[in-house]
>>> print(open('target_38.tsv').read())   # TSV, C-alpha atoms and all ligand atoms
chain	number	residue	atom	x	y	z
A	1	LYS	CA	-9.32	-10.80	21.33
A	2	ALA	CA	-6.27	-11.42	19.18
A	3	LYS	CA	-3.17	-9.28	19.53
A	4	THR	CA	-0.37	-8.54	17.06
A	5	LEU	CA	2.90	-6.65	17.29
A	6	THR	CA	1.59	-3.94	15.01
A	7	HIS	CA	-1.50	-2.94	16.92
A	8	GLY	CA	-3.51	-3.72	20.00
A	9	ALA	CA	-6.43	-6.05	20.63
A	10	TYR	CA	-8.77	-6.46	17.68
A	11	ASP	CA	-11.68	-8.66	16.57
A	12	ALA	CA	-9.93	-11.42	14.60
A	13	ALA	CA	-13.21	-12.79	13.20
A	14	ALA	CA	-14.24	-9.37	11.84
A	15	ALA	CA	-10.71	-8.87	10.45
A	16	SER	CA	-10.75	-12.14	8.52
A	17	ALA	CA	-14.02	-11.11	6.83
A	18	LEU	CA	-12.65	-7.83	5.45
A	19	LYS	CA	-12.53	-7.11	1.70
A	20	ILE	CA	-9.26	-5.39	0.74
A	21	LEU	CA	-8.20	-3.73	-2.51
A	22	VAL	CA	-4.48	-3.60	-3.35
A	23	ILE	CA	-3.46	-1.35	-6.26
A	24	HIS	CA	0.21	-1.36	-7.33
A	25	THR	CA	2.27	0.35	-9.99
A	26	ARG	CA	4.58	-1.12	-12.64
A	27	TRP	CA	7.42	1.37	-11.96
A	28	ASN	CA	10.36	-0.05	-9.90
A	29	VAL	CA	8.63	-3.41	-10.26
A	30	GLU	CA	11.14	-5.46	-8.19
A	31	ILE	CA	10.53	-3.24	-5.15
A	32	VAL	CA	6.78	-2.89	-5.75
A	33	SER	CA	6.44	-6.67	-6.08
A	34	ALA	CA	8.18	-7.23	-2.73
A	35	LEU	CA	5.91	-4.66	-1.07
A	36	ARG	CA	2.80	-6.23	-2.63
A	37	ASP	CA	3.90	-9.68	-1.47
A	38	GLY	CA	4.50	-8.30	2.04
A	39	VAL	CA	0.98	-6.89	2.08
A	40	LEU	CA	-0.59	-10.11	0.78
A	41	SER	CA	1.29	-12.43	3.11
A	42	SER	CA	0.46	-10.25	6.12
A	43	LEU	CA	-3.25	-10.00	5.22
A	44	THR	CA	-3.59	-13.76	4.58
A	45	ASN	CA	-1.26	-15.13	7.27
A	46	GLN	CA	-1.35	-12.62	10.13
A	47	TYR	CA	-5.02	-11.63	9.72
A	48	ALA	CA	-6.37	-14.84	8.11
A	49	ILE	CA	-8.08	-12.90	5.32
A	50	PRO	CA	-8.80	-15.34	2.45
A	51	ARG	CA	-6.86	-14.48	-0.71
A	52	SER	CA	-10.26	-14.46	-2.46
A	53	ASN	CA	-11.23	-11.44	-0.30
A	54	ILE	CA	-8.31	-9.44	-1.72
A	55	ASP	CA	-8.36	-7.84	-5.18
A	56	VAL	CA	-5.03	-6.84	-6.76
A	57	VAL	CA	-5.03	-4.26	-9.59
A	58	GLU	CA	-2.08	-2.78	-11.55
A	59	VAL	CA	-1.65	0.80	-12.79
A	60	PRO	CA	1.21	2.40	-14.77
A	61	GLY	CA	2.66	4.65	-12.05
A	62	ALA	CA	2.18	6.46	-8.74
A	63	PHE	CA	0.42	9.34	-10.43
A	64	GLU	CA	-2.41	6.95	-11.42
A	65	LEU	CA	-2.94	5.55	-7.91
A	66	PRO	CA	-5.46	8.17	-6.71
A	67	PHE	CA	-7.64	7.95	-9.83
A	68	ALA	CA	-7.63	4.12	-9.75
A	69	THR	CA	-8.42	4.13	-6.02
A	70	LYS	CA	-11.35	6.51	-6.52
A	71	ALA	CA	-12.66	4.64	-9.58
A	72	LEU	CA	-12.50	1.19	-7.96
A	73	LEU	CA	-14.00	2.39	-4.68
A	74	LYS	CA	-17.11	3.35	-6.66
A	75	GLN	CA	-17.81	-0.41	-6.81
A	76	GLY	CA	-18.44	0.03	-3.10
A	77	LYS	CA	-17.26	-3.41	-2.07
A	78	TYR	CA	-14.00	-2.75	-0.20
A	79	ASP	CA	-13.31	-2.15	3.50
A	80	ALA	CA	-9.87	-0.62	2.86
A	81	VAL	CA	-7.51	0.14	-0.03
A	82	ILE	CA	-3.72	-0.20	-0.08
A	83	PRO	CA	-2.18	1.73	-3.02
A	84	ILE	CA	1.49	0.74	-3.55
A	85	GLY	CA	4.07	2.72	-5.51
A	86	VAL	CA	7.77	3.60	-5.38
A	87	LEU	CA	9.32	6.95	-6.23
A	88	ILE	CA	13.12	7.20	-6.13
A	89	LYS	CA	14.46	10.75	-6.21
A	90	GLY	CA	17.70	9.80	-7.95
A	91	ALA	CA	15.80	8.30	-10.88
A	92	THR	CA	12.67	10.51	-10.98
A	93	VAL	CA	12.87	13.85	-12.76
A	94	HIS	CA	9.61	15.09	-11.27
A	95	PHE	CA	9.96	13.23	-7.95
A	96	GLU	CA	8.63	16.05	-5.76
A	97	TYR	CA	5.66	16.82	-7.98
A	98	ILE	CA	4.43	13.22	-8.26
A	99	SER	CA	5.02	12.35	-4.60
A	100	GLU	CA	3.36	15.56	-3.35
A	101	ALA	CA	0.39	15.22	-5.74
A	102	ALA	CA	-0.17	11.51	-5.15
A	103	THR	CA	0.13	11.85	-1.36
A	104	HIS	CA	-2.45	14.63	-1.10
A	105	ALA	CA	-4.76	13.00	-3.63
A	106	LEU	CA	-4.72	9.64	-1.83
A	107	MET	CA	-5.46	11.36	1.48
A	108	ASN	CA	-8.40	13.15	-0.12
A	109	VAL	CA	-9.80	10.02	-1.80
A	110	GLY	CA	-9.87	8.32	1.61
A	111	LEU	CA	-11.50	11.27	3.34
A	112	GLU	CA	-14.06	11.85	0.56
A	113	SER	CA	-14.96	8.21	0.00
A	114	GLY	CA	-15.28	7.22	3.66
A	115	THR	CA	-13.15	4.13	2.97
A	116	PRO	CA	-9.69	3.97	4.58
A	117	VAL	CA	-6.92	4.50	2.02
A	118	ILE	CA	-3.49	3.52	3.35
A	119	PHE	CA	-0.40	5.46	2.23
A	120	GLY	CA	1.71	2.84	0.46
A	121	ILE	CA	4.00	5.04	-1.62
A	122	LEU	CA	7.72	4.82	-0.85
A	123	THR	CA	9.43	8.15	-1.55
A	124	CYS	CA	13.13	7.44	-1.24
A	125	LEU	CA	16.31	9.32	-2.06
A	126	THR	CA	18.11	6.21	-3.30
A	127	GLU	CA	17.27	2.79	-4.66
A	128	GLU	CA	18.96	1.12	-1.67
A	129	GLN	CA	16.67	2.99	0.70
A	130	ALA	CA	13.65	1.70	-1.25
A	131	LEU	CA	15.03	-1.85	-1.34
A	132	GLN	CA	15.52	-1.73	2.46
A	133	ARG	CA	11.93	-0.54	2.98
A	134	ALA	CA	10.75	-3.48	0.93
A	135	GLY	CA	12.90	-5.90	2.97
A	136	ILE	CA	15.19	-6.73	0.02
A	137	GLY	CA	18.25	-4.58	0.77
A	138	ARG	CA	21.30	-5.68	-1.26
A	139	GLY	CA	23.76	-5.56	1.66
A	140	GLU	CA	23.91	-7.51	4.93
A	141	GLU	CA	20.98	-5.50	6.29
A	142	LYS	CA	17.89	-6.58	4.30
A	143	GLY	CA	15.67	-3.97	6.00
A	144	HIS	CA	11.97	-4.26	6.89
A	145	ASN	CA	9.09	-4.79	4.44
A	146	HIS	CA	6.75	-1.85	4.98
A	147	GLY	CA	4.00	-3.81	3.25
A	148	ILE	CA	3.54	-5.62	6.56
A	149	ASP	CA	2.79	-2.34	8.32
A	150	TRP	CA	0.46	-1.18	5.55
A	151	ALA	CA	-1.58	-4.39	5.86
A	152	ALA	CA	-1.85	-3.87	9.63
A	153	ALA	CA	-2.95	-0.27	9.14
A	154	ALA	CA	-5.56	-1.34	6.59
A	155	VAL	CA	-7.06	-3.91	8.98
A	156	GLU	CA	-7.04	-1.53	11.93
A	157	MET	CA	-8.62	1.35	9.99
A	158	ALA	CA	-11.21	-0.90	8.31
A	159	LEU	CA	-12.34	-2.21	11.71
A	160	LEU	CA	-12.32	1.30	13.17
A	161	ASN	CA	-14.45	2.44	10.22
A	162	GLN	CA	-16.98	-0.34	10.85
A	163	GLY	CA	-17.54	1.08	14.33
B	1	LIG	O1	5.50	5.24	-9.86
B	1	LIG	C1	6.33	5.95	-10.42
B	1	LIG	N1	5.97	6.70	-11.51
B	1	LIG	C2	6.88	7.48	-12.14
B	1	LIG	N2	6.48	8.22	-13.20
B	1	LIG	C3	5.27	7.89	-13.95
B	1	LIG	C4	4.02	8.61	-13.40
B	1	LIG	O2	3.67	8.08	-12.12
B	1	LIG	C5	2.84	8.38	-14.35
B	1	LIG	O3	2.63	6.98	-14.46
B	1	LIG	C6	3.13	8.94	-15.73
B	1	LIG	O4	3.55	10.29	-15.60
B	1	LIG	C7	1.90	8.87	-16.63
B	1	LIG	O5	0.84	9.59	-16.03
B	1	LIG	C8	8.20	7.53	-11.69
B	1	LIG	N3	9.19	8.33	-12.32
B	1	LIG	O6	8.85	9.30	-13.08
B	1	LIG	O7	10.40	8.07	-12.14
B	1	LIG	C9	8.56	6.74	-10.55
B	1	LIG	O8	9.73	6.73	-10.05
B	1	LIG	N4	7.61	5.98	-9.96
>>> encode(input="target_38.tsv", output="structure tokens")
Amino acid sequence: KAKTLTHGAYDAAAASALKILVIHTRWNVEIVSALRDGVLSSLTNQYAIPRSNIDVVEVPGAFELPFATKALLKQGKYDAVIPIGVLIKGATVHFEYISEAATHALMNVGLESGTPVIFGILTCLTEEQALQRAGIGRGEEKGHNHGIDWAAAAVEMALLNQG
């Protein structure tokens, strides 16, 4: 049984056979790209999931993530989905509405579909906060790429869902 820092013992062979869908937005693209790369490098390096087992799809913004997740899950070939988006309050006129709506909708798509949907939307008050949570902070402190944690959650929930 393999072990990682992010969760306990798990079946490494089953993990490396998982099919993962990553959906990311085009808003705040520098931050979203770093998060996507964190997810991909964690899935392929930490969990040895072949890059060919991972589909990556783009959507305009966070508001589109639930619809795209639901639509693509209908293909029925994924063990988990990681939607990625970034909402920055300072730069988003309807920050609360989009983040509230997208959060609840993503939760519901996961519950209704029976496929784990990870919450990969950063809702930050400032751009620096978002940069830090993508591991690309502009100051001395680069921060921690939350994409790594989202990949770990996707693997753990996909294996849990397989029973
Ligand atoms: O992903 C984001 N979408 C944003 N808006 C677009 C929205 O998600 C939809 O794509 C758009 O409203 C079209 O439906 C943002 N802002 O408004 O600032 C944002 O910060 N992040």
>>> closest_residue(input="target_38.tsv", among="A:Asp55, A:Glu96, A:Glu141, A:Asp149", to="Thr123 of chain A", atoms="all atoms listed in the file")
A:Glu96
>>> residues_near_ligand(input="target_38.tsv", ligand="ligand LIG 1 (chain B)", cutoff="8 Å", atoms="all atoms listed in the file", output="PyMOL selection string")
chain A and resi 25-28+59-64+85-89+91-95+98
>>> write_last_selection(input="target_38.tsv", atoms="C-alpha atoms", output="short mmCIF file (atom, residue, chain, number, x, y, z; two decimals), keeping the file's coordinate frame")
data_model
loop_
_atom_site.label_atom_id
_atom_site.label_comp_id
_atom_site.auth_asym_id
_atom_site.auth_seq_id
_atom_site.Cartn_x
_atom_site.Cartn_y
_atom_site.Cartn_z
CA THR A 25 2.27 0.35 -9.99
CA ARG A 26 4.58 -1.12 -12.64
CA TRP A 27 7.42 1.37 -11.96
CA ASN A 28 10.36 -0.05 -9.90
CA VAL A 59 -1.65 0.80 -12.79
CA PRO A 60 1.21 2.40 -14.77
CA GLY A 61 2.66 4.65 -12.05
CA ALA A 62 2.18 6.46 -8.74
CA PHE A 63 0.42 9.34 -10.43
CA GLU A 64 -2.41 6.95 -11.42
CA GLY A 85 4.07 2.72 -5.51
CA VAL A 86 7.77 3.60 -5.38
CA LEU A 87 9.32 6.95 -6.23
CA ILE A 88 13.12 7.20 -6.13
CA LYS A 89 14.46 10.75 -6.21
CA ALA A 91 15.80 8.30 -10.88
CA THR A 92 12.67 10.51 -10.98
CA VAL A 93 12.87 13.85 -12.76
CA HIS A 94 9.61 15.09 -11.27
CA PHE A 95 9.96 13.23 -7.95
CA ILE A 98 4.43 13.22 -8.26
#
>>> atom_distance(input="target_38.tsv", atom1="atom CA of Ala105 of chain A", atom2="atom CA of Lys19 of chain A")
22.2 Å
>>> closest_residue(input="target_38.tsv", among="A:Ser41, A:His24, A:Gly90, A:Ala153", to="Thr126 of chain A", atoms="all atoms listed in the file")
A:Gly90
>>> closest_residue(input="target_38.tsv", among="A:Arg36, A:Ile54, A:Val22, A:Pro116", to="Ala68 of chain A", atoms="all atoms listed in the file")
A:Val22
>>> residues_around(input="target_38.tsv", residues="Val109 of chain A", least_positions_apart="5", cutoff="9 Å", atoms="all atoms listed in the file", output="ChimeraX atom specification")
/A:66-67,69-70,104,114-117
>>> atom_distance(input="target_38.tsv", atom1="atom CA of Ala34 of chain A", atom2="atom CA of Arg133 of chain A")
9.6 Å
>>> closest_residue(input="target_38.tsv", among="A:Ala15, A:Leu122, A:Glu128, A:Gly147", to="Ser42 of chain A", atoms="all atoms listed in the file")
A:Gly147
>>> residues_around(input="target_38.tsv", residues="Ala48 of chain A", least_positions_apart="6", cutoff="12 Å", atoms="all atoms listed in the file", output="PyMOL selection string")
chain A and resi 2+11-19+40-42+54+151-152+155
>>> closest_residue(input="target_38.tsv", among="A:Ile136, A:Ile23, A:Leu131, A:Ala80", to="Gln162 of chain A", atoms="only C-alpha atoms")
A:Ala80
>>> atom_distance(input="target_38.tsv", atom1="atom CA of Pro50 of chain A", atom2="atom CA of Leu21 of chain A")
12.6 Å
>>> closest_residue(input="target_38.tsv", among="A:Gly8, A:Asn45, A:Ser33, A:Gly110", to="Asn161 of chain A", atoms="only C-alpha atoms")
A:Gly110
>>> residues_around(input="target_38.tsv", residues="Phe119 of chain A", least_positions_apart="4", cutoff="10 Å", atoms="only C-alpha atoms", output="list in words")
Val81, Ile82, Pro83, Ile84, Gly85, Ala102, Thr103, His104, Leu106, Met107, Gly110, Trp150, Ala153 and Ala154 of chain A
>>> axis_aligned_box(input="target_38.tsv", around="segment 129-141 of chain A", padding_each_side="8 Å", output="JSON")
{"center_x": 17.3, "center_y": -2.3, "center_z": 2.5, "size_x": 29.2, "size_y": 26.5, "size_z": 23.6}
>>> build_atoms(input="target_38.tsv", residues="segment 134-158 of chain A", atoms="N, CA and C atoms", output="PDB file, in the coordinates of the input")
ATOM      1  N   ALA A 134      11.529  -2.354   1.462  1.00  0.00           N
ATOM      2  CA  ALA A 134      10.750  -3.480   0.930  1.00  0.00           C
ATOM      3  C   ALA A 134      11.315  -4.796   1.463  1.00  0.00           C
ATOM      4  N   GLY A 135      12.309  -4.704   2.355  1.00  0.00           N
ATOM      5  CA  GLY A 135      12.900  -5.900   2.970  1.00  0.00           C
ATOM      6  C   GLY A 135      13.828  -6.668   2.047  1.00  0.00           C
ATOM      7  N   ILE A 136      14.311  -6.023   0.974  1.00  0.00           N
ATOM      8  CA  ILE A 136      15.190  -6.730   0.020  1.00  0.00           C
ATOM      9  C   ILE A 136      16.482  -5.940  -0.208  1.00  0.00           C
ATOM     10  N   GLY A 137      16.990  -5.333   0.871  1.00  0.00           N
ATOM     11  CA  GLY A 137      18.250  -4.580   0.770  1.00  0.00           C
ATOM     12  C   GLY A 137      19.370  -5.455   0.213  1.00  0.00           C
ATOM     13  N   ARG A 138      20.270  -4.883  -0.572  1.00  0.00           N
ATOM     14  CA  ARG A 138      21.300  -5.680  -1.260  1.00  0.00           C
ATOM     15  C   ARG A 138      22.452  -6.030  -0.325  1.00  0.00           C
ATOM     16  N   GLY A 139      22.617  -5.281   0.784  1.00  0.00           N
ATOM     17  CA  GLY A 139      23.760  -5.560   1.660  1.00  0.00           C
ATOM     18  C   GLY A 139      23.392  -6.603   2.720  1.00  0.00           C
ATOM     19  N   GLU A 140      24.177  -6.605   3.806  1.00  0.00           N
ATOM     20  CA  GLU A 140      23.910  -7.510   4.930  1.00  0.00           C
ATOM     21  C   GLU A 140      22.519  -7.250   5.503  1.00  0.00           C
ATOM     22  N   GLU A 141      22.241  -5.928   5.676  1.00  0.00           N
ATOM     23  CA  GLU A 141      20.980  -5.500   6.290  1.00  0.00           C
ATOM     24  C   GLU A 141      19.888  -5.513   5.212  1.00  0.00           C
ATOM     25  N   LYS A 142      18.943  -6.469   5.327  1.00  0.00           N
ATOM     26  CA  LYS A 142      17.890  -6.580   4.300  1.00  0.00           C
ATOM     27  C   LYS A 142      16.822  -5.505   4.481  1.00  0.00           C
ATOM     28  N   GLY A 143      16.682  -4.994   5.731  1.00  0.00           N
ATOM     29  CA  GLY A 143      15.670  -3.970   6.000  1.00  0.00           C
ATOM     30  C   GLY A 143      14.360  -4.615   6.445  1.00  0.00           C
ATOM     31  N   HIS A 144      13.291  -3.823   6.404  1.00  0.00           N
ATOM     32  CA  HIS A 144      11.970  -4.260   6.890  1.00  0.00           C
ATOM     33  C   HIS A 144      10.932  -3.966   5.815  1.00  0.00           C
ATOM     34  N   ASN A 145      10.104  -4.957   5.487  1.00  0.00           N
ATOM     35  CA  ASN A 145       9.090  -4.790   4.440  1.00  0.00           C
ATOM     36  C   ASN A 145       7.910  -3.973   4.969  1.00  0.00           C
ATOM     37  N   HIS A 146       7.817  -2.748   4.501  1.00  0.00           N
ATOM     38  CA  HIS A 146       6.750  -1.850   4.980  1.00  0.00           C
ATOM     39  C   HIS A 146       5.369  -2.322   4.573  1.00  0.00           C
ATOM     40  N   GLY A 147       5.291  -3.242   3.622  1.00  0.00           N
ATOM     41  CA  GLY A 147       4.000  -3.810   3.250  1.00  0.00           C
ATOM     42  C   GLY A 147       3.304  -4.444   4.430  1.00  0.00           C
ATOM     43  N   ILE A 148       4.104  -4.998   5.346  1.00  0.00           N
ATOM     44  CA  ILE A 148       3.540  -5.620   6.560  1.00  0.00           C
ATOM     45  C   ILE A 148       2.795  -4.577   7.387  1.00  0.00           C
ATOM     46  N   ASP A 149       3.412  -3.399   7.519  1.00  0.00           N
ATOM     47  CA  ASP A 149       2.790  -2.340   8.320  1.00  0.00           C
ATOM     48  C   ASP A 149       1.557  -1.771   7.633  1.00  0.00           C
ATOM     49  N   TRP A 150       1.604  -1.710   6.294  1.00  0.00           N
ATOM     50  CA  TRP A 150       0.460  -1.180   5.550  1.00  0.00           C
ATOM     51  C   TRP A 150      -0.726  -2.120   5.671  1.00  0.00           C
ATOM     52  N   ALA A 151      -0.493  -3.417   5.682  1.00  0.00           N
ATOM     53  CA  ALA A 151      -1.580  -4.390   5.860  1.00  0.00           C
ATOM     54  C   ALA A 151      -2.195  -4.218   7.245  1.00  0.00           C
ATOM     55  N   ALA A 152      -1.355  -4.058   8.251  1.00  0.00           N
ATOM     56  CA  ALA A 152      -1.850  -3.870   9.630  1.00  0.00           C
ATOM     57  C   ALA A 152      -2.677  -2.599   9.737  1.00  0.00           C
ATOM     58  N   ALA A 153      -2.211  -1.542   9.103  1.00  0.00           N
ATOM     59  CA  ALA A 153      -2.950  -0.270   9.140  1.00  0.00           C
ATOM     60  C   ALA A 153      -4.294  -0.414   8.440  1.00  0.00           C
ATOM     61  N   ALA A 154      -4.313  -1.146   7.332  1.00  0.00           N
ATOM     62  CA  ALA A 154      -5.560  -1.340   6.590  1.00  0.00           C
ATOM     63  C   ALA A 154      -6.586  -2.080   7.444  1.00  0.00           C
ATOM     64  N   VAL A 155      -6.155  -3.137   8.117  1.00  0.00           N
ATOM     65  CA  VAL A 155      -7.060  -3.910   8.980  1.00  0.00           C
ATOM     66  C   VAL A 155      -7.564  -3.038  10.117  1.00  0.00           C
ATOM     67  N   GLU A 156      -6.634  -2.338  10.774  1.00  0.00           N
ATOM     68  CA  GLU A 156      -7.040  -1.530  11.930  1.00  0.00           C
ATOM     69  C   GLU A 156      -8.021  -0.432  11.524  1.00  0.00           C
ATOM     70  N   MET A 157      -7.744   0.244  10.415  1.00  0.00           N
ATOM     71  CA  MET A 157      -8.620   1.350   9.990  1.00  0.00           C
ATOM     72  C   MET A 157      -9.953   0.837   9.450  1.00  0.00           C
ATOM     73  N   ALA A 158      -9.941  -0.340   8.810  1.00  0.00           N
ATOM     74  CA  ALA A 158     -11.210  -0.900   8.310  1.00  0.00           C
ATOM     75  C   ALA A 158     -12.118  -1.262   9.482  1.00  0.00           C
TER      76      ALA A 158
END
